[in-house]
file target-v2.cif (mmCIF, C-alpha atoms)
data_work
loop_
_atom_site.label_atom_id
_atom_site.label_comp_id
_atom_site.auth_asym_id
_atom_site.auth_seq_id
_atom_site.Cartn_x
_atom_site.Cartn_y
_atom_site.Cartn_z
CA MET X 1 155.85 57.39 84.96
CA HIS X 2 156.12 56.80 88.69
CA LEU X 3 155.56 53.75 90.85
CA HIS X 4 152.73 53.72 93.36
CA PHE X 5 152.17 51.81 96.58
CA ASP X 6 148.84 50.13 95.93
CA ARG X 7 150.12 46.66 96.76
CA ALA X 8 149.77 45.47 100.35
CA GLU X 9 153.39 44.32 100.43
CA LEU X 10 154.54 47.87 99.62
CA ARG X 11 152.03 49.66 101.84
CA THR X 12 153.15 47.71 104.90
CA ALA X 13 156.87 48.26 104.32
CA ARG X 14 158.58 50.28 107.04
CA THR X 15 158.62 54.05 106.49
CA ILE X 16 161.31 56.31 107.93
CA GLU X 17 161.46 60.10 108.15
CA LEU X 18 164.73 61.84 107.30
CA ASN X 19 165.90 65.37 107.92
CA GLU X 20 168.04 67.19 105.39
CA GLY X 21 171.57 65.82 105.68
CA ASP X 22 170.61 62.47 107.24
CA GLN X 23 172.55 59.57 105.73
CA LEU X 24 171.75 55.92 105.07
CA ALA X 25 173.93 53.05 103.93
CA PRO X 26 172.96 49.51 102.84
CA GLU X 27 174.98 48.03 105.68
CA ASP X 28 172.81 49.91 108.20
CA PHE X 29 170.06 47.32 107.71
CA PRO X 30 169.96 43.63 108.66
CA GLU X 31 168.69 42.64 105.20
CA PRO X 32 169.02 44.19 101.72
CA VAL X 33 166.43 46.91 101.15
CA VAL X 34 165.28 49.07 98.27
CA PHE X 35 164.74 52.75 99.10
CA ALA X 36 161.38 54.01 97.77
CA VAL X 37 160.93 57.78 97.95
CA LEU X 38 157.52 59.00 99.14
CA THR X 39 158.32 62.69 99.64
CA GLY X 40 161.44 64.80 99.42
CA VAL X 41 164.65 64.00 97.56
CA ILE X 42 167.52 61.59 98.21
CA ALA X 43 170.87 61.30 96.47
CA VAL X 44 173.93 59.10 96.38
CA GLU X 45 176.90 61.16 97.54
CA SER X 46 180.65 60.62 97.48
CA HIS X 47 183.50 62.66 98.91
CA LEU X 48 187.06 63.32 97.82
CA SER X 49 189.82 63.13 100.40
CA ASP X 50 189.75 66.93 100.81
CA GLY X 51 186.05 66.86 101.69
CA ARG X 52 184.56 67.99 98.39
CA ARG X 53 181.19 66.36 97.76
CA SER X 54 179.65 65.04 94.56
CA LEU X 55 176.04 63.97 94.16
CA LEU X 56 176.07 61.05 91.75
CA THR X 57 172.34 60.51 91.24
CA LEU X 58 169.05 61.87 92.56
CA ARG X 59 165.76 60.17 93.40
CA PHE X 60 162.39 61.92 93.60
CA PRO X 61 158.95 60.84 94.91
CA GLY X 62 157.78 57.67 93.15
CA GLU X 63 161.34 56.58 92.33
CA TYR X 64 163.37 53.72 93.78
CA LEU X 65 167.03 53.35 94.66
CA ASP X 66 168.72 49.96 95.00
CA MET X 67 172.22 50.29 96.47
CA ASN X 68 172.78 46.56 96.89
CA ARG X 69 175.57 44.96 94.87
CA ALA X 70 176.49 41.32 94.68
CA ASP X 71 180.20 41.81 94.04
CA ARG X 72 181.16 44.50 96.56
CA HIS X 73 179.86 47.26 98.78
CA ALA X 74 177.99 50.01 96.97
CA SER X 75 179.90 53.20 96.26
CA GLY X 76 178.76 56.23 98.24
CA GLU X 77 176.04 56.79 100.80
CA VAL X 78 172.41 57.81 100.52
CA VAL X 79 171.71 61.31 101.82
CA ALA X 80 168.46 63.24 102.20
CA LEU X 81 168.62 66.60 100.42
CA ALA X 82 165.39 67.83 102.05
CA PRO X 83 162.95 66.54 104.68
CA THR X 84 162.13 63.15 103.18
CA SER X 85 159.94 60.09 103.73
CA VAL X 86 161.37 56.79 102.48
CA LYS X 87 159.92 53.28 102.45
CA LEU X 88 162.38 50.48 103.16
CA VAL X 89 161.18 47.65 100.94
CA PRO X 90 162.96 44.32 101.56
CA ARG X 91 164.73 43.52 98.34
CA ASN X 92 163.42 39.94 98.21
CA VAL X 93 159.83 41.24 98.58
CA PHE X 94 160.40 43.82 95.85
CA GLU X 95 161.90 41.26 93.46
CA GLU X 96 159.04 38.83 94.10
CA LEU X 97 156.50 41.56 93.31
CA LEU X 98 158.25 42.33 90.04
CA LEU X 99 158.12 38.66 89.10
CA ARG X 100 154.41 38.30 89.93
CA ASP X 101 153.03 41.63 88.76
CA GLY X 102 153.56 42.27 85.06
CA ASN X 103 152.16 45.81 85.21
CA LEU X 104 154.41 46.79 88.10
CA ARG X 105 157.35 45.21 86.28
CA ARG X 106 156.67 47.22 83.11
CA ILE X 107 156.36 50.47 85.06
CA TYR X 108 159.53 49.73 87.00
CA TRP X 109 161.65 48.93 83.96
CA ARG X 110 160.29 51.88 81.99
CA ARG X 111 161.16 54.21 84.84
CA ALA X 112 164.56 52.57 85.36
CA THR X 113 165.31 53.04 81.65
CA ASP X 114 164.24 56.69 81.83
CA ILE X 115 166.56 57.29 84.78
CA MET X 116 169.43 55.48 83.05
CA HIS X 117 169.13 57.69 79.97
CA GLN X 118 168.84 60.75 82.17
CA GLN X 119 172.10 59.73 83.83
CA PHE X 120 173.72 59.44 80.41
CA ASP X 121 172.55 62.97 79.62
CA HIS X 122 173.80 64.24 82.97
CA SER X 123 177.26 62.74 82.43
CA SER X 124 177.39 64.43 79.03
CA ASP X 125 176.29 67.72 80.59
CA LEU X 126 179.12 67.60 83.14
CA GLY X 127 181.71 66.92 80.46
CA LYS X 128 180.62 69.30 77.71
CA LYS X 129 178.27 72.04 78.89
CA THR X 130 178.94 75.45 80.39
CA PRO X 131 177.54 76.24 83.86
CA THR X 132 174.62 78.14 82.30
CA GLU X 133 173.79 75.23 80.00
CA ARG X 134 173.98 72.78 82.90
CA MET X 135 171.58 74.87 84.96
CA ALA X 136 169.11 75.17 82.08
CA SER X 137 169.26 71.39 81.58
CA PHE X 138 168.78 70.84 85.31
CA ILE X 139 165.63 72.97 85.34
CA PHE X 140 164.13 70.74 82.65
CA GLU X 141 165.28 67.62 84.51
CA LEU X 142 163.54 68.84 87.66
CA ARG X 143 160.31 69.60 85.84
CA ASN X 144 160.32 66.21 84.16
CA ARG X 145 161.11 64.14 87.23
CA MET X 146 158.76 66.12 89.48
CA ASN X 147 155.94 65.62 86.92
CA ILE X 148 155.30 69.35 86.55
CA PRO X 149 152.90 70.02 83.63
CA ARG X 150 154.09 72.31 80.85
CA PHE X 151 151.36 74.87 81.60
CA VAL X 152 152.63 75.25 85.19
CA GLU X 153 155.39 77.83 84.91
CA GLU X 154 156.23 78.34 88.59
CA PHE X 155 157.66 75.58 90.79
CA THR X 156 159.72 75.07 93.92
CA LEU X 157 163.38 74.12 93.79
CA PRO X 158 163.32 71.03 96.03
CA ILE X 159 166.99 71.13 97.06
CA SER X 160 169.44 73.78 98.21
CA ARG X 161 171.75 75.69 95.90
CA GLN X 162 174.70 73.91 97.49
CA SER X 163 173.16 70.55 96.59
CA ILE X 164 172.46 71.80 93.06
CA ALA X 165 176.12 72.81 92.84
CA ASP X 166 177.32 69.42 94.06
CA TYR X 167 175.13 67.70 91.46
CA LEU X 168 176.19 69.94 88.59
CA GLY X 169 179.90 70.01 89.47
CA LEU X 170 179.87 73.72 90.28
CA ARG X 171 180.34 76.04 93.24
CA ALA X 172 177.31 77.36 95.10
CA GLU X 173 178.17 80.94 94.16
CA THR X 174 178.31 79.89 90.51
CA VAL X 175 174.81 78.44 90.78
CA SER X 176 173.53 81.75 92.18
CA ARG X 177 175.33 83.73 89.48
CA VAL X 178 173.99 81.53 86.67
CA LEU X 179 170.41 81.75 87.96
CA LYS X 180 170.66 85.54 88.06
CA SER X 181 172.08 85.50 84.53
CA LEU X 182 169.14 83.42 83.29
CA GLU X 183 166.78 85.85 85.00
CA LYS X 184 168.52 88.83 83.39
CA GLU X 185 168.11 87.17 79.98
CA GLY X 186 164.38 86.80 80.59
CA ALA X 187 164.40 83.00 80.57
CA VAL X 188 163.33 82.60 84.20
CA LYS X 189 162.14 84.63 87.16
CA LEU X 190 163.50 83.94 90.66
CA ILE X 191 160.91 84.08 93.43
CA GLY X 192 162.81 84.20 96.69
CA LYS X 193 165.46 81.52 97.22
CA HIS X 194 163.31 78.47 96.64
CA LYS X 195 160.95 79.18 93.74
CA ILE X 196 161.51 79.74 90.05
CA GLU X 197 159.20 80.62 87.17
CA VAL X 198 160.04 79.69 83.59
CA LEU X 199 159.22 82.67 81.37
CA ASP X 200 160.68 81.49 78.07
CA PHE X 201 160.57 77.72 77.57
CA LYS X 202 161.89 77.90 74.00
CA GLY X 203 164.78 80.16 74.93
CA LEU X 204 165.67 78.07 77.97
CA ARG X 205 165.62 74.92 75.84
CA LYS X 206 168.01 76.52 73.36
CA ILE X 207 170.38 77.35 76.20
CA ALA X 208 170.14 73.80 77.56
CA ASN X 209 170.94 72.40 74.10
CA GLY X 210 173.95 74.67 73.63
CA ALA X 211 172.35 76.55 70.73
CA ARG X 212 173.98 79.91 71.45
CA PRO X 213 177.52 81.35 71.65
CA ARG X 214 179.44 80.32 74.75
CA LEU X 215 180.33 83.42 76.72
CA SER X 216 181.85 81.80 79.79
CA ASN X 217 182.83 78.43 81.14
CA HIS X 218 183.95 79.49 84.63
CA ARG X 219 183.04 77.11 87.41
#
call {"tool": "encode", "arguments": {"input": "target-v2.cif", "output": "structure tokens"}}
result
Amino acid sequence: MHLHFDRAELRTARTIELNEGDQLAPEDFPEPVVFAVLTGVIAVESHLSDGRRSLLTLRFPGEYLDMNRADRHASGEVVALAPTSVKLVPRNVFEELLLRDGNLRRIYWRRATDIMHQQFDHSSDLGKKTPTERMASFIFELRNRMNIPRFVEEFTLPISRQSIADYLGLRAETVSRVLKSLEKEGAVKLIGKHKIEVLDFKGLRKIANGARPRLSNHR
């Protein structure tokens, strides 16, 4: 379930357009804001001292990201993974709306809980699953968070293979290899670089759940 902008306070919030790679940080703004994604995808990124990047969490259209912390500066920066439109909702306005609007509050907390459990699953994926299993799980995560109906088999990958790799803890070449492996197995069909068609939902789900022998765990 996604949040919508049918309240005047949300409709009138400032909207900014981001190109892929543009970064935002809470300290860039004079007051605390909540990032509300209209189109595109944003992520929280962090870097190791040698420059390697990790994407810690993703946000899709209809989802919110609050990077404000009372105790210290938030970890990481917000980065656009594709051309993206984001509303900058003042945090005090957003909190007041949640207090006044019970329906909005229920939707927000339900979505926040969904994202929290998805993050739990993602952490487990990184620690236990092979690259192929991670990719299969990610395909289902994308379909769920992009609200793609089950009967729609073909969809667009909204972020680059490098960004997928940084989210799944892999190398970009591993992502390409795993996608080709899934295609060879008949689970998916690759349509150019940016589209994918799921051919075997049941088989792909088995792979995502680890219900087959592990042939490789190379990263």
call {"tool": "residues_around", "arguments": {"input": "target-v2.cif", "residues": "X:Tyr167", "least_positions_apart": "6", "cutoff": "7 Å", "atoms": "only C-alpha atoms", "output": "list in words"}}
result
Ser54, Leu55 and Leu56 of chain X
call {"tool": "closest_residue", "arguments": {"input": "target-v2.cif", "among": "X:Leu157, X:Leu179, X:Leu65, X:Met135", "to": "X:Ala208", "atoms": "all atoms listed in the file"}}
result
X:Met135
call {"tool": "closest_residue", "arguments": {"input": "target-v2.cif", "among": "X:Leu18, X:Leu38, X:Ile164, X:Ile148", "to": "X:Arg53", "atoms": "only C-alpha atoms"}}
result
X:Ile164
call {"tool": "resolve_selection", "arguments": {"input": "target-v2.cif", "expression": "the PyMOL selection byres ((chain X and resi 199) around 6)", "output": "list of chain:residue names"}}
result
X:Ala187, X:Val188, X:Val198, X:Asp200
call {"tool": "atom_distance", "arguments": {"input": "target-v2.cif", "atom1": "atom CA of X:Leu204", "atom2": "atom CA of X:Glu154"}}
result
14.2 Å
call {"tool": "residues_around", "arguments": {"input": "target-v2.cif", "residues": "X:Val34", "least_positions_apart": "5", "cutoff": "6 Å", "atoms": "only C-alpha atoms", "output": "ChimeraX atom specification"}}
result
/X:65-66,88-89,91
call {"tool": "write_last_selection", "arguments": {"input": "target-v2.cif", "atoms": "C-alpha atoms", "output": "PDB file, in the coordinates of the input"}}
result
ATOM      1  CA  LEU X  65     167.030  53.350  94.660  1.00  0.00           C
ATOM      2  CA  ASP X  66     168.720  49.960  95.000  1.00  0.00           C
ATOM      3  CA  LEU X  88     162.380  50.480 103.160  1.00  0.00           C
ATOM      4  CA  VAL X  89     161.180  47.650 100.940  1.00  0.00           C
ATOM      5  CA  ARG X  91     164.730  43.520  98.340  1.00  0.00           C
TER       6      ARG X  91
END
call {"tool": "atom_distance", "arguments": {"input": "target-v2.cif", "atom1": "atom CA of X:Arg205", "atom2": "atom CA of X:Leu168"}}
result
17.3 Å
call {"tool": "closest_residue", "arguments": {"input": "target-v2.cif", "among": "X:Ile107, X:Leu10, X:Met67, X:Val37", "to": "X:Thr84", "atoms": "only C-alpha atoms"}}
result
X:Val37
call {"tool": "atom_distance", "arguments": {"input": "target-v2.cif", "atom1": "atom CA of X:Arg11", "atom2": "atom CA of X:Phe60"}}
result
18.0 Å
call {"tool": "resolve_selection", "arguments": {"input": "target-v2.cif", "expression": "the PyMOL selection byres ((chain X and resi 156) around 10)", "output": "PDB file with C-alpha atoms, in the coordinates of the input"}}
result
ATOM      1  CA  LEU X 142     163.540  68.840  87.660  1.00  0.00           C
ATOM      2  CA  ARG X 143     160.310  69.600  85.840  1.00  0.00           C
ATOM      3  CA  GLU X 154     156.230  78.340  88.590  1.00  0.00           C
ATOM      4  CA  PHE X 155     157.660  75.580  90.790  1.00  0.00           C
ATOM      5  CA  LEU X 157     163.380  74.120  93.790  1.00  0.00           C
ATOM      6  CA  PRO X 158     163.320  71.030  96.030  1.00  0.00           C
ATOM      7  CA  ILE X 159     166.990  71.130  97.060  1.00  0.00           C
ATOM      8  CA  ILE X 191     160.910  84.080  93.430  1.00  0.00           C
ATOM      9  CA  LYS X 193     165.460  81.520  97.220  1.00  0.00           C
ATOM     10  CA  HIS X 194     163.310  78.470  96.640  1.00  0.00           C
ATOM     11  CA  LYS X 195     160.950  79.180  93.740  1.00  0.00           C
ATOM     12  CA  ILE X 196     161.510  79.740  90.050  1.00  0.00           C
ATOM     13  CA  GLU X 197     159.200  80.620  87.170  1.00  0.00           C
TER      14      GLU X 197
END
call {"tool": "resolve_selection", "arguments": {"input": "target-v2.cif", "expression": "the PyMOL selection byres ((chain X and resi 146) around 12)", "output": "list in words"}}
result
Met1, His2, Thr39, Gly40, Val41, Leu58, Arg59, Phe60, Pro61, Gly62, Glu63, Phe138, Ile139, Phe140, Glu141, Leu142, Arg143, Asn144, Arg145, Asn147, Ile148, Pro149, Arg150, Val152, Phe155, Thr156, Leu157 and Pro158 of chain X
